[in-house]
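> What follows is a structure written as structure tokens; I'll ask about it next.
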Amino acid sequence: MTQENITLNKINEHKSVLRQEGAEHELVADFISENKLAKHAIQVHKFGGSSLATGKCIKRVVEIIRKNCQLNDIIVVSANGKNTDSLFAIYSLVEQSITAQATQTSDELTQAITDLAEKQAQLITEVLNANNTKQLLQLLSKDIAQLTSWLAGDIVQHHNDILAFGEVWSARLLSAILNEQVCPSNNIDARDFLVIDNEQNCAVDTAISAVQLRQRRQFGKLAVITGYISKDARGNSCTLGRNGSDYSATIIAALVAAGNVTLWTDVDGIYSADPRVVPNARKLHRLPNGIAKELGRLGNPVLHAKTLLPLINPQSEHHTHLHVASSFDPDVIGTEIGKFGQIAKQELSVTYLNDLLLAQSVSFIGETGAKAHAEFSPICMDDEKGFMVITQTQQKALSQWLASHDVEVSFKPVAIIATVGHRVAERGDIKARFKRSLKTAKPLNIVGSDNRHSVIAILPEACSIELLNTVHHEMTKDARHIGLVVVGMGNIGQRFLELLPAQLNKVYALENLHLVGLLSSKKALINNDGIDVNQATSLFVQDAQTYDTEQLISWLSHHPYDDLIVVDITPSEDFSLLYEQIFALGIHVIGANKWAASSSTEHYNNLVNTADSHNSLWLGNTTVGAGLPINYAIDDLRQSGDSISELSGIFSGTLSWLFETFDGSSKFSELLLNALAQGITEPDPREDLSGRDVQRKLLILARKAGFELALEDIDCQNLVPEALQSLSTSEFLARVDELDDYFATALTEANSKGACIRYVARFKYNETTGISAKVSLEVLPQSDAFANLTPCDNIFQINSLWYKDNPLIIRGPGAGRDVTAGGLHSDLVNICQQLAHKKNQVKIKGMN
Ligand SMILES: NC(=O)C1=CN([C@@H]2O[C@H](COP(=O)(O)OP(=O)(O)OC[C@H]3O[C@@H](n4cnc5c(N)ncnc54)[C@H](OP(=O)(O)O)[C@@H]3O)[C@@H](O)[C@H]2O)C=CC1
Ligand SMILES: N[C@@H](CC=O)C(=O)O
């Protein structure tokens, strides 16, 4: 399920051994051929300034690289910390002194240069060994001399060369520390390959840049490349503007057809609104390209409109996905941006921009309007009413453009708030909801964007935090995407899947539930974009792949849903042993499988505690009585203050069917095979005949009733002769008629006393004598309540404080495909309702 990924971590394990033997070069070459690195798509990792700000941060970045990168990957860096700001400030000081016609270098300037150089020198000293420190300090001092000389000369000509120092130092330093501690790396100045037309457009000459980059990269090394900077066709240094390093990373990814780009930053993903001011914002785990681009355009603080451009090429077959992750918390799952299907397209976000201008002019109508649109790419525009919303920096250019057309324009300060999502401008329900949520803000206008991915309200005043929270709450209050994984596609699993489409259609609580995983013991079909529930079984047969537990846990650890529910419809102890890991991931479990709930006291208590501490829900109503609400009834009694003293009855559908039907006219073995064919027995019917299934059920109910006991505390009469106990299931079924004599004799003896045989479970608690519990074949008078059941019915008798003289009885079919699959669906609705309820309890700051 997951791609093979041999990271530098692994290379380094070998490296430390070989380094002692002086054979590091051979090692890298060996490793490359051994792990077939050429097969893997290159990955680009970009680290922002805050991720590289201090020695501690850089060491963290080195660990991220060690864990996530392979040789030949590309690292793109911003300047360390705020170095670019410092270089801008230094440049401005010189500009000011030129304006003031000062003849001497000011103390302030000298101090600013010294501070910058000292800060960088300190970083070098902190992270590198003595040799490399010496070398990098020498290079730094040459650069500072160069900087000082440029500042004393024609600063305008060297504006970009001056700003470029930040990235140059950062790449040099990271490359040196990687060489020292991780793997061979080479440090590349992007001005040696990346050619753009000019700083306004930043359009890349892809052909030349790709060739030059290929020439610069060295096989078997990690390339560390400067972000933010490039050159023009004449070789002059250029910058890529605000957040240019993100853009550098995606340009480079497109040049090398990378598999992935990860932007490592100081936030852990993209949210449905700015989480610093909207506490209830939802992390968007998967964001379709078009929506991400629109969010970037409309003010998302992490994404920038330009960043995505190189990755979105409808003509290309190749799709590079973009990840946003936090270098401060690298294990937290971030946001993936790329080509996604229906589920990811259902997410809505809210974003805003202040300090904009509403420009109104007749020339925005019709043909000239179209020209203005092409020239200025406004935030939004209405070419019937004649207005557009632009940024303040566009005002001058727009006025000039209109002056050349000899028309008048009026400007008015405005802000916008927008709801963004897949083609929302075409969805009446969303537009209506957005409008309703805005009523106090009195928007001047509401328009759909050209790409249809946003509806934008133009506000007469700055967008307040309160308005943002109100609109966000209204737009996202129903959003909760729940993934469903069905494990076990057998007798009951199939029936569960057959019932699923109708349930999803009619039950409101299942509205945002998506089937995303189907598993048998050897094969898995996982699709984060959802599996068509109407074709689940055929898609499984067609597309499922072999998997192992490690792959399964890795996928479960990175699933992109608000919640994930695993429905365990297997008879497997092995699978039940995964519950602890599953709960620890905050994933909910519905089990028909009885192993976990009837495991050892220590294991069971561990499971309950792990589920509790990770807010994972665990339901298993069908483990006892199939669809009968026995687990719920016991919970309910306890929660309402009752205390249970006795539990007894017929707990096995199979044994109920067999003993109610067995009257001597057919052989017992024939009836057993019939029960197996009806799907009421366990996959191995000895699980029923041995009494183990009933023993487990009694344990599960006793635990529910609040008692601490283990399987060994329940006496169990095994009805399988010793000779048949250790055979395989098929061997047992071939010799099943060896059961006949024993049961024929037992029946005749009971009948001779006017009685019958039934397999009964009994649990009793008494303050003085403690617990007694057993499951066994009993001879009962025909008049006994447990003697006269419809074949396959279970009966549960509960004695408690409130049901002392007249016990509480629950009775009905206790096994079978329909009732069990139905019981699992009941648990599913129950969990989804609980999750919805939990979500509604979340308070929104400033709102309730
Ligand atoms: N029959 C009934 O009336 C009731 C049954 N139950 C419980 O329902 C469960 C399922 O029973 P049933 O449908 O009859 O069983 P089946 O044997 O018909 O199906 C079992 C399914 O589980 C899969 N499986 C087995 N081990 C694993 C594993 N380790 N990981 C993933 N998948 C696995 C099997 O895969 P593969 O095909 O590859 O082996 C198969 O798809 C049992 O626990 C049973 O006790 C509960 C209440 C009532
Ligand atoms: N085999 C079991 C199935 C339900 O748990 C039974 O017969 O009761």
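In the structure tokens, each chain is lettered A, B, ... as it comes, each chain's residues begin at 1, and ligands are numbered from 1 in order of appearance.
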Just the residues within 8 Å of region 53-60 of chain A, please, counting only C-alpha atoms, with nothing from its chain fewer than 2 positions along; format it as an mmCIF file with C-alpha atoms, in the first residue's frame.

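File written: result_9.cif
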data_model
loop_
_atom_site.group_PDB
_atom_site.id
_atom_site.type_symbol
_atom_site.label_atom_id
_atom_site.label_comp_id
_atom_site.auth_asym_id
_atom_site.auth_seq_id
_atom_site.Cartn_x
_atom_site.Cartn_y
_atom_site.Cartn_z
ATOM 1 C CA GLY A 49 13.167 31.012 7.563
ATOM 2 C CA SER A 50 11.579 30.259 10.933
ATOM 3 C CA SER A 51 12.399 26.548 10.467
ATOM 4 C CA VAL A 62 18.635 17.889 9.837
ATOM 5 C CA GLU A 63 16.626 15.185 11.612
ATOM 6 C CA ILE A 64 13.651 15.747 9.307
ATOM 7 C CA ASN A 80 17.909 31.840 8.220
ATOM 8 C CA GLY A 81 15.410 33.558 10.541
ATOM 9 C CA LYS A 82 14.899 37.201 9.634
ATOM 10 C CA LEU A 123 24.850 30.063 13.892
ATOM 11 C CA GLU A 126 26.859 26.500 16.922
ATOM 12 C CA VAL A 127 26.073 23.793 14.376
ATOM 13 C CA LEU A 174 22.698 23.481 5.681
ATOM 14 C CA SER A 327 9.145 21.471 11.010
ATOM 15 C CA PHE A 328 8.444 22.098 14.704
#
> For the contact check between chain A and ligand 2, emit one row per residue of chain A within 6 Å, containing the shortest atom pair and the distance in Å rounded to one decimal, counting only C-alpha atoms and all ligand atoms, chain then rising number order, as CSV.

residue,atom,partner,partner_atom_place_in_ligand_line,distance
A:Thr623,CA,ligand 2,5 (O),5.8
A:Val624,CA,ligand 2,5 (O),5.8
A:Ala626,CA,ligand 2,4 (C),5.5
A:Ser652,CA,ligand 2,8 (O),3.5
A:Gly653,CA,ligand 2,7 (O),3.7
A:Thr654,CA,ligand 2,7 (O),3.5
A:Ile680,CA,ligand 2,7 (O),5.1
A:Thr681,CA,ligand 2,1 (N),3.7
A:Glu682,CA,ligand 2,1 (N),4.1
A:Asp688,CA,ligand 2,1 (N),5.7
A:Gly814,CA,ligand 2,8 (O),5.7
A:Ala815,CA,ligand 2,4 (C),4.6
> Would you write out those residues with N, CA and C atoms, as a tab-separated table (two decimals), in the first residue's frame?

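Wrote result-v4.tsv, looks like this:
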chain	number	residue	atom	x	y	z
A	623	THR	N	-21.44	-8.67	19.70
A	623	THR	CA	-20.63	-9.77	20.26
A	623	THR	C	-21.48	-10.71	21.09
A	624	VAL	N	-22.59	-10.21	21.59
A	624	VAL	CA	-23.52	-11.07	22.36
A	624	VAL	C	-24.94	-10.84	21.83
A	626	ALA	N	-26.15	-11.15	18.89
A	626	ALA	CA	-26.20	-10.57	17.55
A	626	ALA	C	-26.88	-9.19	17.60
A	652	SER	N	-26.31	-18.83	22.80
A	652	SER	CA	-25.80	-19.22	21.49
A	652	SER	C	-26.96	-19.48	20.53
A	653	GLY	N	-26.96	-18.77	19.42
A	653	GLY	CA	-27.99	-18.99	18.39
A	653	GLY	C	-27.85	-20.40	17.83
A	654	THR	N	-26.61	-20.80	17.61
A	654	THR	CA	-26.36	-22.12	17.02
A	654	THR	C	-26.86	-23.23	17.94
A	680	ILE	N	-25.26	-19.28	10.88
A	680	ILE	CA	-25.44	-18.89	12.29
A	680	ILE	C	-24.28	-19.37	13.16
A	681	THR	N	-23.55	-20.38	12.69
A	681	THR	CA	-22.43	-20.87	13.51
A	681	THR	C	-21.24	-19.93	13.36
A	682	GLU	N	-20.25	-20.14	14.21
A	682	GLU	CA	-18.96	-19.49	14.00
A	682	GLU	C	-18.32	-20.12	12.76
A	688	ASP	N	-18.66	-22.98	18.75
A	688	ASP	CA	-19.97	-23.03	19.40
A	688	ASP	C	-20.09	-24.27	20.28
A	814	GLY	N	-30.71	-14.79	17.99
A	814	GLY	CA	-29.40	-14.42	18.56
A	814	GLY	C	-28.26	-14.70	17.61
A	815	ALA	N	-28.53	-15.03	16.38
A	815	ALA	CA	-27.47	-15.25	15.39
A	815	ALA	C	-28.09	-15.15	14.01
> List the neighbours of region 200-207 of chain A out to 8 Å using only C-alpha atoms; skip same-chain residues closer than 3 positions along the sequence, and give me the result as a PyMOL selection string.
chain A and resi 194-197+210-211+240+251+255
> Kindly export the residues of the current selection with C-alpha atoms, as a tab-separated table (two decimals), in the first residue's frame.

chain	number	residue	atom	x	y	z
A	194	LEU	CA	16.96	29.46	-12.73
A	195	VAL	CA	16.10	31.97	-15.46
A	196	ILE	CA	12.98	34.17	-15.34
A	197	ASP	CA	11.77	36.86	-17.72
A	210	ALA	CA	15.88	22.55	-16.55
A	211	VAL	CA	19.05	21.90	-18.56
A	240	LEU	CA	10.82	35.95	-6.82
A	251	ILE	CA	9.34	25.71	-9.86
A	255	LEU	CA	11.67	21.26	-13.57
> Do a neighbour search on region 588-597 of chain A at 8 Å with only C-alpha atoms, toss out local chain neighbours closer than 5 positions, and write the hits as a PyMOL selection string.
chain A and resi 563-573+576-577+579+582-583+604+616-623+696-697+700+824+827-828
> Of the candidates A:Lys67, A:Arg817, A:Lys283, A:Lys522, which one gets nearest to Ala344 (chain A) if we count only C-alpha atoms?
A:Lys283
> Which residue gives the smallest distance to ligand 1 among A:Leu510, A:Leu519, A:Ala403, A:Ala249, with only C-alpha atoms and all ligand atoms counted?
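Checking each candidate against ligand 1, we get A:Leu519 as the closest.
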> Find, counting only C-alpha atoms and all ligand atoms, the residue in A:Pro501, A:Gly816, A:Pro460, A:Gly290 that gets nearest to ligand 1.
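The closest residue to ligand 1 is A:Gly816.
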> Ile458 (chain A): which residues within 9 Å, counting only C-alpha atoms, same-chain residues fewer than 4 positions away excluded, as a list in words?
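Those residues are Leu358, Val389, Val414, Ala415, Ile416, Ile417, Ala418, Pro443, Leu444, Asn445, Ile446 and Val447 of chain A.
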> Considering only strand (DSSP E or B) as DSSP defines it on the backbone, what residues of region 582-754 of chain A qualify? List them as a list in words.
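Those residues are His588, Val589, Ile590, Gly591, Trp618, Leu619, Ile644, Ser645, Glu646, Leu647, Ser648, Gly649, Ile650, Asp715 and Cys716 of chain A.
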> If you run DSSP on this backbone, which residues of region 306-400 of chain A come out as helix (DSSP H, G or I), and could you give them as JSON, numbers by chain?
{"A": [306, 307, 308, 309, 310, 311, 342, 343, 344, 345, 362, 363, 364, 366, 367, 368, 369, 370, 371, 372, 373, 374, 375, 376, 392, 393, 394, 395, 396, 397, 398, 399, 400]}
> Near His453 (chain A), counting only C-alpha atoms, which residues have an atom at most 10 Å away, once you skip same-chain residues fewer than 6 positions from it, shown as a VMD selection string?
chain A and resid 290 to 295 348 418 to 426
> Kindly export the residues of the current selection with C-alpha atoms, as a compact mmCIF listing (two decimals), in the first residue's frame.

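Contents of selection-v5.txt, freshly written:
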# COMPACT_ATOMS: atom_id res chain seq x y z
CA GLY A 290 -8.05 24.55 -7.71
CA ILE A 291 -9.33 25.26 -4.22
CA ALA A 292 -5.82 25.71 -2.84
CA LYS A 293 -5.06 28.20 -5.59
CA GLU A 294 -8.21 30.16 -4.82
CA LEU A 295 -7.40 30.18 -1.10
CA LEU A 348 -15.54 24.62 2.68
CA ALA A 418 -15.20 34.72 0.93
CA THR A 419 -16.33 31.16 1.21
CA VAL A 420 -14.16 28.88 -0.86
CA GLY A 421 -14.90 25.34 -2.04
CA HIS A 422 -15.30 23.25 -5.14
CA ARG A 423 -17.55 25.20 -7.55
CA VAL A 424 -19.45 26.87 -4.68
CA ALA A 425 -20.43 29.77 -6.92
CA GLU A 426 -22.77 27.33 -8.71
> For ligand 1, which residue among A:Phe540, A:Phe575, A:Phe387, A:Tyr271 is the nearest when counting only C-alpha atoms and all ligand atoms?
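The answer is A:Phe575, which sits nearest to ligand 1.
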> Please list as a ChimeraX atom specification every residue within 8 Å of region 216-233 of chain A, counting only C-alpha atoms and excluding residues in the same chain fewer than 3 positions away.
/A:28-29,32,70-78,164,167-168,170-172,174-175,183-198,212-213,236-241,243-249
> Please write the residues from the selection above to a file, keeping C-alpha atoms, as a PDB file, in the first residue's frame.

ATOM      1  CA  VAL A  28      26.948   5.444  -1.242  1.00  0.00           C
ATOM      2  CA  ALA A  29      27.414   3.867  -4.656  1.00  0.00           C
ATOM      3  CA  ILE A  32      22.220   3.565  -4.683  1.00  0.00           C
ATOM      4  CA  GLN A  70      16.763  10.087  -0.032  1.00  0.00           C
ATOM      5  CA  LEU A  71      19.947  10.876  -1.908  1.00  0.00           C
ATOM      6  CA  ASN A  72      19.169  12.868  -5.071  1.00  0.00           C
ATOM      7  CA  ASP A  73      16.276  14.671  -3.385  1.00  0.00           C
ATOM      8  CA  ILE A  74      16.286  18.453  -3.383  1.00  0.00           C
ATOM      9  CA  ILE A  75      16.201  20.804  -0.419  1.00  0.00           C
ATOM     10  CA  VAL A  76      15.209  24.426  -0.990  1.00  0.00           C
ATOM     11  CA  VAL A  77      15.936  26.958   1.743  1.00  0.00           C
ATOM     12  CA  SER A  78      14.888  30.441   2.764  1.00  0.00           C
ATOM     13  CA  ALA A 164      20.460  37.180  -2.071  1.00  0.00           C
ATOM     14  CA  GLU A 167      19.586  32.388   1.014  1.00  0.00           C
ATOM     15  CA  VAL A 168      23.216  31.892  -0.048  1.00  0.00           C
ATOM     16  CA  SER A 170      21.467  29.470   4.561  1.00  0.00           C
ATOM     17  CA  ALA A 171      22.072  26.931   1.753  1.00  0.00           C
ATOM     18  CA  ARG A 172      25.801  26.882   2.401  1.00  0.00           C
ATOM     19  CA  LEU A 174      22.698  23.481   5.681  1.00  0.00           C
ATOM     20  CA  SER A 175      24.755  21.754   3.002  1.00  0.00           C
ATOM     21  CA  CYS A 183      25.166  12.379   3.585  1.00  0.00           C
ATOM     22  CA  PRO A 184      26.996  13.946   0.647  1.00  0.00           C
ATOM     23  CA  SER A 185      25.287  17.157  -0.402  1.00  0.00           C
ATOM     24  CA  ASN A 186      26.004  19.992  -2.791  1.00  0.00           C
ATOM     25  CA  ASN A 187      25.046  23.556  -2.357  1.00  0.00           C
ATOM     26  CA  ILE A 188      23.572  25.275  -5.428  1.00  0.00           C
ATOM     27  CA  ASP A 189      22.938  28.969  -5.970  1.00  0.00           C
ATOM     28  CA  ALA A 190      19.641  29.126  -7.928  1.00  0.00           C
ATOM     29  CA  ARG A 191      21.117  31.999  -9.945  1.00  0.00           C
ATOM     30  CA  ASP A 192      23.314  29.394 -11.600  1.00  0.00           C
ATOM     31  CA  PHE A 193      20.330  27.797 -13.338  1.00  0.00           C
ATOM     32  CA  LEU A 194      16.958  29.456 -12.730  1.00  0.00           C
ATOM     33  CA  VAL A 195      16.104  31.970 -15.459  1.00  0.00           C
ATOM     34  CA  ILE A 196      12.978  34.166 -15.339  1.00  0.00           C
ATOM     35  CA  ASP A 197      11.768  36.862 -17.723  1.00  0.00           C
ATOM     36  CA  ASN A 198      11.505  39.659 -15.148  1.00  0.00           C
ATOM     37  CA  GLN A 212      21.162  24.094 -16.293  1.00  0.00           C
ATOM     38  CA  LEU A 213      19.743  22.525 -13.163  1.00  0.00           C
ATOM     39  CA  ASN A 236      21.252  39.805 -13.422  1.00  0.00           C
ATOM     40  CA  SER A 237      20.137  38.644  -9.995  1.00  0.00           C
ATOM     41  CA  CYS A 238      16.363  38.662  -9.519  1.00  0.00           C
ATOM     42  CA  THR A 239      14.113  37.823  -6.593  1.00  0.00           C
ATOM     43  CA  LEU A 240      10.825  35.951  -6.816  1.00  0.00           C
ATOM     44  CA  GLY A 241       8.993  38.384  -4.525  1.00  0.00           C
ATOM     45  CA  ASN A 243       7.192  34.138  -0.230  1.00  0.00           C
ATOM     46  CA  GLY A 244       9.421  33.539  -3.209  1.00  0.00           C
ATOM     47  CA  SER A 245      11.066  30.472  -1.660  1.00  0.00           C
ATOM     48  CA  ASP A 246       7.812  28.501  -1.789  1.00  0.00           C
ATOM     49  CA  TYR A 247       7.596  29.458  -5.435  1.00  0.00           C
ATOM     50  CA  SER A 248      11.236  28.395  -5.964  1.00  0.00           C
ATOM     51  CA  ALA A 249      10.395  24.983  -4.503  1.00  0.00           C
TER      52      ALA A 249
END
> Which is closer to Met388 (chain A) than all the others in A:Gln215, A:Ser665, A:Asn160, A:Ser449, using only C-alpha atoms?
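Ranked by minimum distance to Met388 (chain A), first place goes to A:Ser449.
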> Please measure the separation of CA of Leu467 (chain A) and CA of Val278 (chain A), giving the value in Å to one decimal.
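One can read the CA of Leu467 (chain A) to CA of Val278 (chain A) distance as 10.2 Å.
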> Select, from A:Ser361, A:Ser86, A:Ser554, A:Thr729, the residue with the minimum atom-to-atom distance to ligand 1, counting only C-alpha atoms and all ligand atoms.
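Closest to ligand 1 of all the choices is A:Thr729.
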> What gap, in Å, lies between atom 37 (O, counted along the ligand's line) of ligand 1 and CA of His825 (chain A)?
21.1 Å
